[in-house]
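J.: Sharing a structure below in structure tokens format, with a few things to ask.
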Amino acid sequence: MSTVRLPDFPWDALAAARARAAEHADGVVDLSIGTPVDPTPPLLGLALAAAGNAPGYPTALGTADVRRAAAGWLSRRLGVEVADPFGADPSVIPTVGSKELVALLPTLLGLPRGGTVLIPEVAYPTYEVGAVVAGLQVLRTDTPPADPGDAVLVWLNSPGNPHGRVLTDDELRAWVTWGRAHGVPVVADECYVELGWDVVPRSVLHPDVAGADHTGLLAVHSLSKQSTAAGYRAGLLSGDPALVRRVWEVRRHLGLLVPTPVQAAMAAALADDEHVTAQRERYRRRRDRLAAAVRGTGARIDHSEAGLYLWVSRDEDCWTTIDRLAGLGIVAAPGSFYGPAGSRHVRMALTATDERIDAAVERLAS
């Protein structure tokens, strides 16, 4: 039996840049990983503590409160009306964050080995990891191929990581039409959907895109960024009840359960819009300052109309830019982490404190 060969963990390749940046007298400004740094809103902690007496196993299906709150959030914030979340075939379930779901979805769906997963040209590495784990091939493409070949799954990512690109309604509809025509599920990773800057991102489940129902479609969401709750590992899967049920059935066999107190915190977060708006404004202010400083150096920012990153290019190899930034005590992520098409960009995250963003702005201006 052969061993699955996973891609190298990309962040290990930044060790030298981190070491060089650490030599800066005022310390490192780490803009390489999009890890939230602001306090988790108190309402999540209060709900978590109130549900702390949880002697029984949690439900893989999700508590009634979290499914109700998720359906309400999808409707209120995204204009998405899911099928009955309490039906025999569920239309929304909680997940252990979104990365776990992205990595395991091809396996959970039982996709036939040897098929091909379509992912964006520039993409979050875990889409490829999930395909490899399931014994599948990967094809990078931003447009539906004329020949579906042996495609078994499509990953969309809008707003995109790393580049912040938002797919238009026409682009989303083209993929929906293609997927349904060829019987290939289309899954949209929408974990940054609450963070639109220059445009308002649209969910693939919105009726203007999906039509009257969600046949063949799934959407992935997360509380990590919008609720600064990455440590809670709180995500959602919603869409076609037949596909959601397939995932849920396998998850409960595997014991992929969101802890009951975390589900209580999720319900509280999904029912409250105020904390999401406040956090988005923090990120907007950081984005404005950092983007101005980056452009002041003569670099270009592409896409970046949504999400938590600036997609920066100096029209040079990304590792040259990484080295240049490390000399200023700044660590960014090389675009090559996200595919060959990203080799002349770096990703700079907005997930740093105001003080560290200000430090980066000062260093870029020096």
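Convention: chains lettered A, B, ... in structure tokens order; per-chain residue numbering from 1; ligands numbered from 1 as shown.
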Extract, using only C-alpha atoms, all DNA, RNA and protein residues at most 10 Å from Asp84 in chain A, discarding same-chain residues fewer than 3 positions from it, and format them as a short mmCIF file (atom, residue, chain, number, x, y, z; two decimals) with C-alpha atoms, in the first residue's frame.

T.:
data_model
loop_
_atom_site.label_atom_id
_atom_site.label_comp_id
_atom_site.auth_asym_id
_atom_site.auth_seq_id
_atom_site.Cartn_x
_atom_site.Cartn_y
_atom_site.Cartn_z
CA ARG A 67 -28.84 25.67 12.99
CA ARG A 68 -31.55 28.29 13.54
CA ALA A 71 -30.11 29.96 8.77
CA GLU A 81 -32.69 31.11 2.08
CA GLY A 87 -35.58 18.68 7.72
CA ALA A 88 -34.68 15.02 7.37
CA ASP A 89 -31.97 16.15 4.96
CA PRO A 90 -30.27 19.08 6.75
CA SER A 91 -29.37 22.21 4.79
CA VAL A 92 -26.79 23.55 7.27
CA PRO A 241 -29.53 19.07 1.47
#

J.: Could you give me the residues within range 124-201 of chain A that DSSP places in alpha helix (DSSP H), as a PDB file with N, CA, C and O atoms, in the first residue's frame?

T.:
ATOM      1  N   THR A 126      -4.896  24.205   0.874  1.00  0.00           N
ATOM      2  CA  THR A 126      -5.634  23.067   1.430  1.00  0.00           C
ATOM      3  C   THR A 126      -6.582  22.433   0.426  1.00  0.00           C
ATOM      4  O   THR A 126      -6.947  21.262   0.576  1.00  0.00           O
ATOM      5  N   TYR A 127      -6.989  23.150  -0.616  1.00  0.00           N
ATOM      6  CA  TYR A 127      -7.802  22.502  -1.650  1.00  0.00           C
ATOM      7  C   TYR A 127      -7.022  21.348  -2.280  1.00  0.00           C
ATOM      8  O   TYR A 127      -7.560  20.264  -2.514  1.00  0.00           O
ATOM      9  N   GLU A 128      -5.751  21.601  -2.573  1.00  0.00           N
ATOM     10  CA  GLU A 128      -4.916  20.556  -3.161  1.00  0.00           C
ATOM     11  C   GLU A 128      -4.664  19.436  -2.158  1.00  0.00           C
ATOM     12  O   GLU A 128      -4.699  18.249  -2.515  1.00  0.00           O
ATOM     13  N   VAL A 129      -4.408  19.787  -0.916  1.00  0.00           N
ATOM     14  CA  VAL A 129      -4.163  18.775   0.112  1.00  0.00           C
ATOM     15  C   VAL A 129      -5.369  17.836   0.226  1.00  0.00           C
ATOM     16  O   VAL A 129      -5.220  16.607   0.281  1.00  0.00           O
ATOM     17  N   GLY A 130      -6.569  18.405   0.248  1.00  0.00           N
ATOM     18  CA  GLY A 130      -7.770  17.580   0.360  1.00  0.00           C
ATOM     19  C   GLY A 130      -7.930  16.628  -0.808  1.00  0.00           C
ATOM     20  O   GLY A 130      -8.369  15.481  -0.640  1.00  0.00           O
ATOM     21  N   ALA A 131      -7.569  17.096  -1.998  1.00  0.00           N
ATOM     22  CA  ALA A 131      -7.641  16.228  -3.174  1.00  0.00           C
ATOM     23  C   ALA A 131      -6.634  15.091  -3.069  1.00  0.00           C
ATOM     24  O   ALA A 131      -6.962  13.919  -3.320  1.00  0.00           O
ATOM     25  N   VAL A 132      -5.404  15.403  -2.675  1.00  0.00           N
ATOM     26  CA  VAL A 132      -4.354  14.390  -2.570  1.00  0.00           C
ATOM     27  C   VAL A 132      -4.736  13.333  -1.538  1.00  0.00           C
ATOM     28  O   VAL A 132      -4.568  12.117  -1.769  1.00  0.00           O
ATOM     29  N   VAL A 133      -5.242  13.759  -0.391  1.00  0.00           N
ATOM     30  CA  VAL A 133      -5.639  12.818   0.661  1.00  0.00           C
ATOM     31  C   VAL A 133      -6.705  11.848   0.152  1.00  0.00           C
ATOM     32  O   VAL A 133      -6.730  10.669   0.523  1.00  0.00           O
ATOM     33  N   ASP A 169     -21.334  37.959 -10.452  1.00  0.00           N
ATOM     34  CA  ASP A 169     -22.503  37.089 -10.560  1.00  0.00           C
ATOM     35  C   ASP A 169     -22.431  36.240 -11.827  1.00  0.00           C
ATOM     36  O   ASP A 169     -22.783  35.055 -11.810  1.00  0.00           O
ATOM     37  N   ASP A 170     -21.984  36.842 -12.919  1.00  0.00           N
ATOM     38  CA  ASP A 170     -21.887  36.094 -14.170  1.00  0.00           C
ATOM     39  C   ASP A 170     -20.886  34.948 -14.055  1.00  0.00           C
ATOM     40  O   ASP A 170     -21.128  33.840 -14.561  1.00  0.00           O
ATOM     41  N   GLU A 171     -19.753  35.204 -13.398  1.00  0.00           N
ATOM     42  CA  GLU A 171     -18.752  34.147 -13.219  1.00  0.00           C
ATOM     43  C   GLU A 171     -19.301  33.025 -12.341  1.00  0.00           C
ATOM     44  O   GLU A 171     -19.107  31.836 -12.634  1.00  0.00           O
ATOM     45  N   LEU A 172     -19.970  33.391 -11.263  1.00  0.00           N
ATOM     46  CA  LEU A 172     -20.562  32.380 -10.387  1.00  0.00           C
ATOM     47  C   LEU A 172     -21.618  31.569 -11.126  1.00  0.00           C
ATOM     48  O   LEU A 172     -21.648  30.330 -11.041  1.00  0.00           O
ATOM     49  N   ARG A 173     -22.483  32.263 -11.872  1.00  0.00           N
ATOM     50  CA  ARG A 173     -23.538  31.550 -12.602  1.00  0.00           C
ATOM     51  C   ARG A 173     -22.961  30.600 -13.646  1.00  0.00           C
ATOM     52  O   ARG A 173     -23.501  29.519 -13.889  1.00  0.00           O
ATOM     53  N   ALA A 174     -21.855  31.008 -14.275  1.00  0.00           N
ATOM     54  CA  ALA A 174     -21.236  30.139 -15.276  1.00  0.00           C
ATOM     55  C   ALA A 174     -20.790  28.822 -14.641  1.00  0.00           C
ATOM     56  O   ALA A 174     -20.970  27.736 -15.227  1.00  0.00           O
ATOM     57  N   TRP A 175     -20.209  28.899 -13.455  1.00  0.00           N
ATOM     58  CA  TRP A 175     -19.778  27.685 -12.768  1.00  0.00           C
ATOM     59  C   TRP A 175     -20.970  26.850 -12.314  1.00  0.00           C
ATOM     60  O   TRP A 175     -20.946  25.611 -12.405  1.00  0.00           O
ATOM     61  N   VAL A 176     -22.019  27.505 -11.815  1.00  0.00           N
ATOM     62  CA  VAL A 176     -23.214  26.774 -11.384  1.00  0.00           C
ATOM     63  C   VAL A 176     -23.825  26.019 -12.565  1.00  0.00           C
ATOM     64  O   VAL A 176     -24.165  24.828 -12.465  1.00  0.00           O
ATOM     65  N   THR A 177     -23.961  26.709 -13.681  1.00  0.00           N
ATOM     66  CA  THR A 177     -24.529  26.080 -14.877  1.00  0.00           C
ATOM     67  C   THR A 177     -23.670  24.910 -15.337  1.00  0.00           C
ATOM     68  O   THR A 177     -24.171  23.833 -15.670  1.00  0.00           O
ATOM     69  N   TRP A 178     -22.358  25.112 -15.352  1.00  0.00           N
ATOM     70  CA  TRP A 178     -21.428  24.063 -15.777  1.00  0.00           C
ATOM     71  C   TRP A 178     -21.506  22.857 -14.851  1.00  0.00           C
ATOM     72  O   TRP A 178     -21.586  21.711 -15.306  1.00  0.00           O
ATOM     73  N   GLY A 179     -21.470  23.103 -13.557  1.00  0.00           N
ATOM     74  CA  GLY A 179     -21.506  22.005 -12.597  1.00  0.00           C
ATOM     75  C   GLY A 179     -22.778  21.184 -12.713  1.00  0.00           C
ATOM     76  O   GLY A 179     -22.743  19.942 -12.699  1.00  0.00           O
ATOM     77  N   ARG A 180     -23.901  21.869 -12.838  1.00  0.00           N
ATOM     78  CA  ARG A 180     -25.162  21.139 -12.948  1.00  0.00           C
ATOM     79  C   ARG A 180     -25.256  20.378 -14.268  1.00  0.00           C
ATOM     80  O   ARG A 180     -25.783  19.262 -14.315  1.00  0.00           O
ATOM     81  N   ALA A 181     -24.740  20.957 -15.339  1.00  0.00           N
ATOM     82  CA  ALA A 181     -24.794  20.293 -16.642  1.00  0.00           C
ATOM     83  C   ALA A 181     -23.991  18.998 -16.645  1.00  0.00           C
ATOM     84  O   ALA A 181     -24.354  18.034 -17.337  1.00  0.00           O
ATOM     85  N   HIS A 182     -22.894  18.962 -15.862  1.00  0.00           N
ATOM     86  CA  HIS A 182     -22.006  17.801 -15.873  1.00  0.00           C
ATOM     87  C   HIS A 182     -22.099  16.961 -14.602  1.00  0.00           C
ATOM     88  O   HIS A 182     -21.319  16.004 -14.433  1.00  0.00           O
TER      89      HIS A 182
END

J.: Considering only C-alpha atoms, tabulate each residue of range 128-198 of chain A that lies at most 7 Å from range 219-239 of chain A along with its nearest interatomic pair and the corresponding distance in Å to one decimal; arrange the rows by chain and ascending residue number and present them as JSON lines.

T.:
{"residue": "A:Val187", "atom": "CA", "partner": "A:Ala219", "partner_atom": "CA", "distance": 5.6}
{"residue": "A:Ala188", "atom": "CA", "partner": "A:Ala219", "partner_atom": "CA", "distance": 4.8}
{"residue": "A:Asp189", "atom": "CA", "partner": "A:Val220", "partner_atom": "CA", "distance": 4.8}
{"residue": "A:Glu190", "atom": "CA", "partner": "A:His221", "partner_atom": "CA", "distance": 5.4}
{"residue": "A:Cys191", "atom": "CA", "partner": "A:His221", "partner_atom": "CA", "distance": 4.5}
{"residue": "A:Glu194", "atom": "CA", "partner": "A:Gln226", "partner_atom": "CA", "distance": 6.5}

J.: Fewer than 4 positions away in the same chain doesn't count, so skip those; otherwise give me all residues within 7 Å of Ala69 in chain A, counting only C-alpha atoms, as number ranges by chain.

T.: A: 65, 73, 267, 270-271

J.: Could you write out the selected residues, including all heavy atoms, as a compact mmCIF listing (two decimals), in the first residue's frame?

T.:
# COMPACT_ATOMS: atom_id res chain seq x y z
N ASP A 65 -30.35 25.47 18.20
CA ASP A 65 -30.01 26.90 18.28
C ASP A 65 -29.00 27.30 17.22
O ASP A 65 -29.14 28.35 16.59
CB ASP A 65 -29.44 27.22 19.67
CG ASP A 65 -30.52 27.28 20.74
OD1 ASP A 65 -31.71 27.33 20.38
OD2 ASP A 65 -30.16 27.28 21.94
N TRP A 73 -28.60 33.93 9.92
CA TRP A 73 -27.45 34.72 9.43
C TRP A 73 -27.36 34.67 7.92
O TRP A 73 -27.14 35.69 7.26
CB TRP A 73 -26.17 34.18 10.07
CG TRP A 73 -24.93 34.82 9.55
CD1 TRP A 73 -24.43 36.04 9.89
CD2 TRP A 73 -24.03 34.27 8.57
NE1 TRP A 73 -23.27 36.29 9.19
CE2 TRP A 73 -23.00 35.23 8.37
CE3 TRP A 73 -24.00 33.08 7.87
CZ2 TRP A 73 -21.95 35.01 7.47
CZ3 TRP A 73 -22.96 32.84 6.98
CH2 TRP A 73 -21.95 33.82 6.79
N ALA A 267 -23.98 30.09 18.02
CA ALA A 267 -25.35 30.59 17.93
C ALA A 267 -25.43 32.05 18.35
O ALA A 267 -26.10 32.86 17.71
CB ALA A 267 -26.27 29.72 18.79
N LEU A 270 -23.65 34.25 15.55
CA LEU A 270 -24.40 34.33 14.30
C LEU A 270 -25.66 35.16 14.43
O LEU A 270 -26.19 35.64 13.41
CB LEU A 270 -24.74 32.91 13.81
CG LEU A 270 -23.55 32.09 13.32
CD1 LEU A 270 -23.92 30.62 13.23
CD2 LEU A 270 -23.05 32.61 11.98
N ALA A 271 -26.14 35.35 15.65
CA ALA A 271 -27.34 36.15 15.88
C ALA A 271 -27.03 37.63 16.08
O ALA A 271 -27.94 38.45 16.18
CB ALA A 271 -28.11 35.61 17.09

J.: Choose the residue, out of A:Asp302, A:Leu350, A:Arg289, A:Tyr309, that has the smallest atom-to-atom separation from Ala365 in chain A; count only C-alpha atoms.

T.: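 The shortest atom-to-atom distance to Ala365 in chain A comes from A:Arg289.
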
J.: Could you check the closest approach to Thr260 in chain A for each of A:Gly342, A:Leu139, A:Ala49, A:Pro42 and tell me which residue wins, using only C-alpha atoms?

T.: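 Using only C-alpha atoms, Thr260 in chain A sits closest to A:Ala49.
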
J.: Using DSSP on the backbone coordinates, identify the residues of range 35-226 of chain A assigned to strand (DSSP E); present them as number ranges by chain.

T.: A: 92-96, 116-119, 137-140, 151-157, 186-189, 217-222

J.: Go ahead and write the selection's residues with N, CA and C atoms as a compact mmCIF listing (two decimals), in the first residue's frame.

T.:
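Dumped everything to again-v6.txt:
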# COMPACT_ATOMS: atom_id res chain seq x y z
N VAL A 92 -27.92 22.86 6.67
CA VAL A 92 -26.79 23.55 7.27
C VAL A 92 -26.34 22.77 8.51
N ILE A 93 -25.02 22.61 8.64
CA ILE A 93 -24.45 21.93 9.81
C ILE A 93 -23.21 22.68 10.26
N PRO A 94 -22.85 22.58 11.55
CA PRO A 94 -21.61 23.19 12.03
C PRO A 94 -20.42 22.29 11.72
N THR A 95 -19.26 22.89 11.57
CA THR A 95 -18.03 22.13 11.31
C THR A 95 -16.93 22.61 12.24
N VAL A 96 -15.88 21.78 12.36
CA VAL A 96 -14.75 22.11 13.24
C VAL A 96 -13.85 23.09 12.50
N THR A 116 -10.68 14.27 -10.83
CA THR A 116 -9.98 15.55 -10.78
C THR A 116 -10.81 16.60 -10.05
N VAL A 117 -10.16 17.31 -9.17
CA VAL A 117 -10.76 18.44 -8.47
C VAL A 117 -10.28 19.72 -9.14
N LEU A 118 -11.21 20.59 -9.51
CA LEU A 118 -10.86 21.87 -10.11
C LEU A 118 -10.74 22.92 -9.01
N ILE A 119 -9.60 23.61 -9.00
CA ILE A 119 -9.36 24.66 -8.01
C ILE A 119 -8.91 25.92 -8.73
N GLN A 137 -6.75 13.98 -8.44
CA GLN A 137 -5.86 14.89 -9.14
C GLN A 137 -6.38 16.32 -8.99
N VAL A 138 -5.55 17.29 -9.36
CA VAL A 138 -5.94 18.70 -9.28
C VAL A 138 -5.71 19.37 -10.63
N LEU A 139 -6.67 20.19 -11.03
CA LEU A 139 -6.52 21.04 -12.21
C LEU A 139 -6.81 22.47 -11.78
N ARG A 140 -5.85 23.37 -12.05
CA ARG A 140 -6.03 24.78 -11.72
C ARG A 140 -6.67 25.49 -12.91
N ALA A 151 -13.70 15.38 -14.04
CA ALA A 151 -13.92 16.28 -12.91
C ALA A 151 -14.97 15.71 -11.96
N VAL A 152 -14.68 15.80 -10.66
CA VAL A 152 -15.60 15.28 -9.65
C VAL A 152 -16.00 16.35 -8.64
N LEU A 153 -15.31 17.51 -8.65
CA LEU A 153 -15.60 18.56 -7.68
C LEU A 153 -14.99 19.87 -8.17
N VAL A 154 -15.68 20.97 -7.91
CA VAL A 154 -15.17 22.31 -8.20
C VAL A 154 -15.08 23.08 -6.90
N TRP A 155 -13.93 23.69 -6.65
CA TRP A 155 -13.76 24.63 -5.55
C TRP A 155 -13.73 26.06 -6.12
N LEU A 156 -14.61 26.90 -5.62
CA LEU A 156 -14.53 28.33 -5.86
C LEU A 156 -14.12 29.00 -4.55
N ASN A 157 -13.52 30.18 -4.64
CA ASN A 157 -13.13 30.91 -3.45
C ASN A 157 -13.35 32.40 -3.70
N VAL A 186 -20.39 21.93 -7.03
CA VAL A 186 -19.64 23.18 -6.98
C VAL A 186 -19.68 23.68 -5.53
N VAL A 187 -18.51 23.86 -4.95
CA VAL A 187 -18.40 24.27 -3.55
C VAL A 187 -17.69 25.62 -3.49
N ALA A 188 -18.30 26.58 -2.82
CA ALA A 188 -17.72 27.91 -2.69
C ALA A 188 -17.22 28.12 -1.27
N ASP A 189 -15.94 28.40 -1.16
CA ASP A 189 -15.33 28.80 0.12
C ASP A 189 -15.56 30.30 0.25
N LEU A 217 -24.90 22.45 -5.10
CA LEU A 217 -24.10 23.56 -4.58
C LEU A 217 -23.88 23.45 -3.07
N LEU A 218 -22.69 23.84 -2.63
CA LEU A 218 -22.39 23.96 -1.21
C LEU A 218 -21.62 25.25 -0.97
N ALA A 219 -21.76 25.79 0.24
CA ALA A 219 -20.98 26.96 0.64
C ALA A 219 -20.36 26.70 2.01
N VAL A 220 -19.13 27.17 2.17
CA VAL A 220 -18.38 27.01 3.41
C VAL A 220 -18.20 28.39 4.04
N HIS A 221 -18.51 28.51 5.33
CA HIS A 221 -18.34 29.77 6.05
C HIS A 221 -17.62 29.52 7.37
N SER A 222 -17.12 30.59 7.95
CA SER A 222 -16.31 30.47 9.17
C SER A 222 -16.50 31.69 10.05

J.: Compare A:Gly307, A:Gly45, A:Gly110, A:Gly115 by their minimum atom-to-atom distance to Arg251 in chain A, counting only C-alpha atoms, and give me the closest one.

T.: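 So, comparing all the options, the nearest one is A:Gly110.
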
J.: Report, in Å with one decimal, the straight-line distance from CA of Val29 in chain A to CA of Val193 in chain A.

T.: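 Value for the CA of Val29 in chain A-CA of Val193 in chain A distance: 26.1 Å.
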
J.: Which is closer to Arg295 in chain A than all the others in A:Val199, A:Leu310, A:Leu108, A:Ile33, using only C-alpha atoms?

T.: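 Closest to Arg295 in chain A, using only C-alpha atoms: A:Leu310.
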
J.: Considering only C-alpha atoms, state which residue in the set A:Leu43, A:Leu6, A:Val204, A:Leu61 is at the smallest distance from Ala103 in chain A.

T.: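 Closest residue, counting only C-alpha atoms: A:Leu6.
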
J.: Can I get the residues of range 14-45 of chain A within 8 Å of range 333-339 of chain A, each with the closest pair of atoms and their distance in Å to one decimal, using only C-alpha atoms, sorted chain first then ascending number, as JSON lines?

T.:
{"residue": "A:Leu14", "atom": "CA", "partner": "A:Ala333", "partner_atom": "CA", "distance": 7.9}
{"residue": "A:Leu31", "atom": "CA", "partner": "A:Ala333", "partner_atom": "CA", "distance": 7.5}
{"residue": "A:Ser32", "atom": "CA", "partner": "A:Ala333", "partner_atom": "CA", "distance": 4.6}
{"residue": "A:Ile33", "atom": "CA", "partner": "A:Ala333", "partner_atom": "CA", "distance": 7.3}

J.: Using only C-alpha atoms, pick whichever of A:Ser343, A:Leu109, A:Ala332, A:Asp147 has the shortest atom-to-atom distance to Arg246 in chain A.

T.: A:Leu109

J.: Please list as a PyMOL selection string every residue within 10 Å of Ala50 in chain A, counting only C-alpha atoms and excluding residues in the same chain fewer than 5 positions away.

T.: chain A and resi 44-45+261+264-265
